[in-house]
>>> print(open('start_32.tsv').read())   # TSV, C-alpha atoms
chain	number	residue	atom	x	y	z
A	1	MET	CA	75.07	100.07	125.12
A	2	GLU	CA	74.41	103.39	123.39
A	3	ASP	CA	76.31	102.36	120.24
A	4	PRO	CA	76.23	98.56	120.03
A	5	PHE	CA	78.25	96.56	117.54
A	6	PHE	CA	76.12	94.06	115.61
A	7	LEU	CA	77.86	91.03	114.14
A	8	ALA	CA	76.28	87.88	112.75
A	9	GLY	CA	73.09	88.36	114.74
A	10	LYS	CA	74.85	89.07	118.03
A	11	THR	CA	75.39	92.33	119.89
A	12	PHE	CA	78.68	93.44	121.43
A	13	ALA	CA	79.68	96.51	123.40
A	14	SER	CA	83.35	96.52	122.37
A	15	ARG	CA	84.49	97.20	118.83
A	16	LEU	CA	88.02	96.01	119.56
A	17	LEU	CA	88.87	92.38	118.74
A	18	VAL	CA	92.17	90.94	119.89
A	19	GLY	CA	94.37	87.97	119.18
A	20	THR	CA	95.87	85.55	121.68
A	21	GLY	CA	99.32	84.89	120.23
A	22	LYS	CA	102.84	86.27	120.81
A	23	TYR	CA	102.46	86.97	124.53
A	24	LYS	CA	105.16	85.72	126.90
A	25	ASP	CA	102.67	83.49	128.72
A	26	PHE	CA	98.96	82.89	129.28
A	27	GLU	CA	98.91	85.12	132.35
A	28	GLU	CA	100.05	88.12	130.32
A	29	THR	CA	97.52	87.18	127.65
A	30	LYS	CA	94.74	87.27	130.22
A	31	LEU	CA	95.80	90.59	131.73
A	32	ALA	CA	96.09	92.27	128.33
A	33	ILE	CA	92.75	90.99	127.08
A	34	ASP	CA	91.08	92.09	130.30
A	35	ALA	CA	92.59	95.57	129.91
A	36	SER	CA	91.50	95.80	126.27
A	37	GLY	CA	87.82	95.40	127.09
A	38	ALA	CA	87.51	93.12	124.05
A	39	GLN	CA	84.70	90.56	123.97
A	40	ILE	CA	85.88	88.64	120.90
A	41	VAL	CA	89.26	86.88	120.87
A	42	THR	CA	90.81	85.09	117.94
A	43	VAL	CA	92.34	81.64	118.28
A	44	ALA	CA	94.59	80.04	115.67
A	45	VAL	CA	93.14	76.56	115.29
A	46	ARG	CA	96.28	75.11	113.70
A	47	ARG	CA	98.43	76.27	116.62
A	48	VAL	CA	96.42	74.72	119.44
A	49	ASN	CA	98.58	72.35	121.50
A	50	ILE	CA	97.15	68.85	121.44
A	51	ALA	CA	100.44	67.00	122.04
A	52	LYS	CA	100.61	67.76	125.79
A	53	PRO	CA	97.15	67.32	127.34
A	54	GLY	CA	98.40	68.29	130.80
A	55	ALA	CA	99.95	71.59	129.71
A	56	PRO	CA	98.20	74.90	130.45
A	57	MET	CA	95.49	75.76	127.94
A	58	LEU	CA	94.14	79.09	126.73
A	59	GLN	CA	90.65	78.41	128.06
A	60	ASP	CA	92.10	78.09	131.58
A	61	TYR	CA	92.86	81.81	131.40
A	62	ILE	CA	90.39	83.17	128.83
A	63	ASP	CA	86.96	81.93	129.86
A	64	PRO	CA	84.94	80.79	126.80
A	65	LYS	CA	81.77	81.68	128.73
A	66	ARG	CA	82.90	85.28	129.08
A	67	TYR	CA	84.56	85.78	125.70
A	68	THR	CA	83.46	84.85	122.19
A	69	TYR	CA	86.15	82.65	120.69
A	70	LEU	CA	86.81	83.35	117.02
A	71	PRO	CA	88.65	80.42	115.40
A	72	ASN	CA	90.90	81.54	112.57
A	73	THR	CA	92.90	79.84	109.84
A	74	ALA	CA	96.29	81.42	110.55
A	75	GLY	CA	98.99	79.38	108.86
A	76	CYS	CA	96.77	78.22	105.98
A	77	HIS	CA	98.02	78.87	102.45
A	78	THR	CA	95.33	77.15	100.37
A	79	ALA	CA	91.55	77.17	100.32
A	80	GLU	CA	91.56	73.42	101.01
A	81	GLU	CA	93.64	73.85	104.18
A	82	ALA	CA	91.44	76.69	105.44
A	83	VAL	CA	88.17	74.85	104.85
A	84	ARG	CA	89.46	71.68	106.52
A	85	THR	CA	90.73	73.66	109.51
A	86	LEU	CA	87.40	75.37	110.13
A	87	ARG	CA	85.46	72.15	109.70
A	88	LEU	CA	87.65	70.71	112.47
A	89	ALA	CA	87.00	73.78	114.62
A	90	ARG	CA	83.25	73.33	114.23
A	91	GLU	CA	83.47	69.67	115.14
A	92	ALA	CA	85.69	70.37	118.15
A	93	GLY	CA	83.93	73.40	119.61
A	94	GLY	CA	80.72	73.89	117.70
A	95	TRP	CA	81.91	77.25	116.38
A	96	LYS	CA	79.96	78.82	113.55
A	97	LEU	CA	81.43	82.34	113.62
A	98	VAL	CA	84.94	82.05	112.15
A	99	LYS	CA	87.71	84.16	110.70
A	100	LEU	CA	89.01	83.10	107.30
A	101	GLU	CA	92.51	84.01	106.19
A	102	VAL	CA	94.46	82.37	103.39
A	103	LEU	CA	97.96	83.79	103.10
A	104	GLY	CA	100.40	83.95	100.24
A	105	LYS	CA	103.80	82.35	100.72
A	106	SER	CA	105.82	85.56	100.39
A	107	ALA	CA	107.43	87.79	102.99
A	108	THR	CA	104.44	90.16	102.81
A	109	LEU	CA	101.94	87.52	104.05
A	110	TYR	CA	99.34	89.27	101.91
A	111	PRO	CA	96.03	87.44	101.54
A	112	ASP	CA	95.88	85.11	98.55
A	113	MET	CA	92.58	86.46	97.29
A	114	MET	CA	91.83	83.76	94.73
A	115	GLU	CA	92.17	81.07	97.40
A	116	THR	CA	90.28	83.25	99.89
A	117	LEU	CA	87.34	83.64	97.51
A	118	SER	CA	87.24	79.88	96.88
A	119	ALA	CA	87.30	79.06	100.59
A	120	ALA	CA	84.70	81.70	101.45
A	121	GLU	CA	82.25	80.33	98.90
A	122	VAL	CA	82.52	76.81	100.32
A	123	LEU	CA	82.29	77.89	103.96
A	124	VAL	CA	79.26	80.13	103.44
A	125	LYS	CA	77.45	77.30	101.65
A	126	GLU	CA	78.22	75.04	104.61
A	127	GLY	CA	76.57	77.46	107.04
A	128	PHE	CA	79.57	79.22	108.57
A	129	ASP	CA	79.39	82.91	109.50
A	130	VAL	CA	82.58	84.01	107.78
A	131	MET	CA	84.60	87.04	108.78
A	132	VAL	CA	87.20	87.36	106.06
A	133	TYR	CA	90.70	88.83	106.07
A	134	CYS	CA	91.40	90.41	102.70
A	135	THR	CA	93.26	93.04	100.72
A	136	ASP	CA	91.95	96.60	100.64
A	137	ASP	CA	90.59	96.20	97.10
A	138	PRO	CA	86.99	97.52	97.03
A	139	LEU	CA	86.00	95.25	94.13
A	140	LEU	CA	87.18	92.08	95.86
A	141	CYS	CA	85.61	93.21	99.12
A	142	ARG	CA	82.28	93.60	97.35
A	143	ARG	CA	82.68	90.13	95.86
A	144	LEU	CA	83.25	88.64	99.33
A	145	GLU	CA	80.17	90.41	100.65
A	146	ASP	CA	78.11	89.15	97.71
A	147	LEU	CA	79.24	85.61	98.53
A	148	GLY	CA	77.66	86.01	101.97
A	149	CYS	CA	80.54	86.86	104.32
A	150	VAL	CA	79.29	88.51	107.52
A	151	ALA	CA	82.23	90.90	107.94
A	152	ILE	CA	84.92	92.29	105.65
A	153	MET	CA	88.39	92.69	107.21
A	154	PRO	CA	90.81	94.55	104.95
A	155	LEU	CA	94.41	94.93	106.03
A	156	ALA	CA	95.79	98.35	106.95
A	157	ALA	CA	99.36	97.19	106.29
A	158	PRO	CA	101.17	93.82	106.18
A	159	ILE	CA	100.59	91.52	109.16
A	160	GLY	CA	102.79	92.36	112.14
A	161	SER	CA	104.39	95.38	110.44
A	162	GLY	CA	102.93	98.08	112.68
A	163	LEU	CA	103.03	100.50	109.75
A	164	GLY	CA	99.53	101.83	110.39
A	165	ILE	CA	96.94	102.66	107.74
A	166	LEU	CA	98.71	102.95	104.40
A	167	ASN	CA	95.66	103.46	102.18
A	168	PRO	CA	92.88	105.40	103.91
A	169	VAL	CA	91.21	106.20	100.58
A	170	ASN	CA	90.49	102.55	99.83
A	171	LEU	CA	89.25	101.95	103.36
A	172	ARG	CA	86.77	104.80	102.96
A	173	LEU	CA	85.57	103.31	99.66
A	174	ILE	CA	85.09	99.89	101.26
A	175	VAL	CA	83.19	101.35	104.22
A	176	ALA	CA	80.96	103.40	101.91
A	177	GLN	CA	79.91	100.41	99.79
A	178	SER	CA	79.56	97.75	102.47
A	179	ARG	CA	76.32	96.54	104.05
A	180	VAL	CA	78.14	94.35	106.56
A	181	PRO	CA	80.65	95.39	109.24
A	182	VAL	CA	84.10	96.46	108.06
A	183	LEU	CA	86.98	95.89	110.46
A	184	VAL	CA	90.61	96.82	109.95
A	185	ASP	CA	92.72	93.70	110.40
A	186	ALA	CA	96.54	93.73	110.44
A	187	GLY	CA	99.06	96.54	110.36
A	188	VAL	CA	97.95	98.62	113.36
A	189	GLY	CA	100.96	99.67	115.42
A	190	THR	CA	99.74	102.07	118.07
A	191	ALA	CA	96.64	103.74	119.47
A	192	SER	CA	96.51	106.54	116.90
A	193	ASP	CA	96.29	103.94	114.10
A	194	ALA	CA	93.27	102.35	115.77
A	195	ALA	CA	91.62	105.74	116.28
A	196	LEU	CA	92.16	106.65	112.62
A	197	ALA	CA	90.59	103.37	111.46
A	198	MET	CA	87.49	104.19	113.48
A	199	GLU	CA	87.43	107.81	112.29
A	200	LEU	CA	87.36	106.51	108.71
A	201	GLY	CA	84.09	104.77	109.55
A	202	CYS	CA	85.26	101.22	110.20
A	203	ASP	CA	83.04	99.25	112.54
A	204	GLY	CA	85.91	97.77	114.48
A	205	VAL	CA	89.59	96.88	114.64
A	206	LEU	CA	91.28	93.51	115.13
A	207	MET	CA	94.87	93.42	116.39
A	208	ASN	CA	97.40	91.17	118.04
A	209	THR	CA	101.05	92.17	117.50
A	210	ALA	CA	100.49	95.84	118.34
A	211	ILE	CA	99.54	94.83	121.87
A	212	ALA	CA	101.59	91.66	122.38
A	213	GLU	CA	104.88	93.18	121.19
A	214	ALA	CA	104.51	96.49	123.03
A	215	LYS	CA	107.04	97.10	125.79
A	216	GLU	CA	104.11	96.95	128.24
A	217	PRO	CA	101.30	94.94	126.61
A	218	VAL	CA	98.73	95.54	129.34
A	219	LYS	CA	99.10	99.32	129.11
A	220	MET	CA	98.95	99.19	125.31
A	221	ALA	CA	95.80	97.07	125.49
A	222	GLU	CA	94.12	99.72	127.61
A	223	ALA	CA	95.32	102.44	125.25
A	224	MET	CA	93.80	100.56	122.30
A	225	LYS	CA	90.49	100.28	124.13
A	226	HIS	CA	90.28	104.03	124.57
A	227	ALA	CA	91.54	104.71	121.03
A	228	VAL	CA	88.77	102.65	119.46
A	229	ILE	CA	86.15	104.38	121.62
A	230	ALA	CA	87.55	107.85	120.83
A	231	GLY	CA	87.78	107.16	117.10
A	232	ARG	CA	84.22	105.89	116.98
A	233	LEU	CA	82.90	108.93	118.85
A	234	ALA	CA	84.81	111.26	116.53
A	235	TYR	CA	83.31	109.51	113.50
A	236	LEU	CA	79.79	109.77	114.89
A	237	ALA	CA	80.33	113.42	115.84
A	238	GLY	CA	81.51	114.36	112.35
A	239	ARG	CA	84.80	116.20	112.03
A	240	MET	CA	85.08	119.87	111.06
A	241	PRO	CA	85.87	120.59	107.41
A	242	LYS	CA	89.47	121.09	106.39
A	243	ARG	CA	90.25	124.58	105.10
A	244	GLU	CA	93.05	126.09	103.06
A	245	MET	CA	93.14	129.23	105.22
A	246	ALA	CA	92.82	130.06	108.90
A	247	ALA	CA	89.42	130.77	110.45
A	248	PRO	CA	89.04	132.71	113.74
A	249	SER	CA	87.96	130.68	116.73
A	250	SER	CA	85.98	133.58	118.17
A	251	PRO	CA	83.04	135.15	116.29
A	252	VAL	CA	83.85	138.48	114.64
A	253	SER	CA	80.30	139.84	114.70
A	254	GLY	CA	79.67	142.33	117.49
A	255	MET	CA	83.37	142.80	118.15
A	256	ILE	CA	84.32	146.06	119.91
A	257	GLN	CA	86.13	148.17	117.33
A	258	SER	CA	89.19	150.18	118.20
A	259	ALA	CA	88.94	153.96	117.80
>>> encode(input="start_32.tsv", output="structure tokens")
Amino acid sequence: MEDPFFLAGKTFASRLLVGTGKYKDFEETKLAIDASGAQIVTVAVRRVNIAKPGAPMLQDYIDPKRYTYLPNTAGCHTAEEAVRTLRLAREAGGWKLVKLEVLGKSATLYPDMMETLSAAEVLVKEGFDVMVYCTDDPLLCRRLEDLGCVAIMPLAAPIGSGLGILNPVNLRLIVAQSRVPVLVDAGVGTASDAALAMELGCDGVLMNTAIAEAKEPVKMAEAMKHAVIAGRLAYLAGRMPKREMAAPSSPVSGMIQSA
């Protein structure tokens, strides 16, 4: 790994994290995740089926020994719900690395930041490594980092919207101030959105709907893999400056002059 991704004391090759919901079945989930090259997959703890023990289970298709499961609090609307959900996840699977999200009850599904801050403070004190879904407010992101969260995950646009990165300026500010990984979470719609997030300096991208709701999820998963790699390389390479006027591609010094 020439450019490893460090997260909570672990090293990963892939900077693309993917969700496991919205696919037509577990087989499609497996094929898409394989194509994405992702090593970390999110699992909504509150949506795990415990009513039918004999039914197919995610771990039958996505091997927990091969992938790092990232329990999340999707569906939680209060700090109390989120904390209780992740305590259950730790008891059930021993998970320490978790994704915290506490959503408002509006059509936007924006993070409820007051509840998110309250939950993050409790979880960090209890020894969880908290990756936190949040708004793209640099001041609140700094507050979450100061509380001890191991990764900051600002939205690019509302969850499931596919609108792409609506506020690149704020993302740049968050990246510039952060001492922990910054990952875009929510709003990515296609490969160019993922590449842009990486070009802005983000350490990674987490997505679900952009892949699962594509016409061909497996192909989109592969496209996202390459987009994240390309965006990261472009960021490391350093883009050329933007200019108001044209500049010749060929050097003008030593040019043969016409008579």
>>> closest_residue(input="start_32.tsv", among="A:Ser14, A:Asn167, A:Ser178, A:Ser161", to="A:Ala210", atoms="all atoms listed in the file")
A:Ser161
>>> residues_around(input="start_32.tsv", residues="A:Arg87", least_positions_apart="6", cutoff="12 Å", atoms="only C-alpha atoms", output="ChimeraX atom specification")
/A:45-46,71-73,80-81,93-98,100,119,122-124,126-128
>>> atom_distance(input="start_32.tsv", atom1="atom CA of A:Ala157", atom2="atom CA of A:Thr209")
12.4 Å
>>> axis_aligned_box(input="start_32.tsv", around="stretch 208-213 of chain A", padding_each_side="8 Å", output="AutoDock Vina command-line options")
--center_x 101.1 --center_y 93.5 --center_z 119.9 --size_x 23.5 --size_y 20.7 --size_z 20.9
>>> atom_distance(input="start_32.tsv", atom1="atom CA of A:Gly204", atom2="atom CA of A:Val228")
7.5 Å
>>> residues_around(input="start_32.tsv", residues="A:Leu103", least_positions_apart="6", cutoff="6 Å", atoms="all atoms listed in the file", output="PDB file with C-alpha atoms, in the coordinates of the input")
ATOM      1  CA  HIS A  77      98.020  78.870 102.450  1.00  0.00           C
ATOM      2  CA  LEU A 109     101.940  87.520 104.050  1.00  0.00           C
ATOM      3  CA  TYR A 110      99.340  89.270 101.910  1.00  0.00           C
ATOM      4  CA  PRO A 111      96.030  87.440 101.540  1.00  0.00           C
ATOM      5  CA  ASP A 112      95.880  85.110  98.550  1.00  0.00           C
TER       6      ASP A 112
END
>>> closest_residue(input="start_32.tsv", among="A:Val18, A:Leu31, A:Ile152, A:Ile165", to="A:Val182", atoms="all atoms listed in the file")
A:Ile152
>>> atom_distance(input="start_32.tsv", atom1="atom CA of A:Arg179", atom2="atom CA of A:Gly162")
28.0 Å
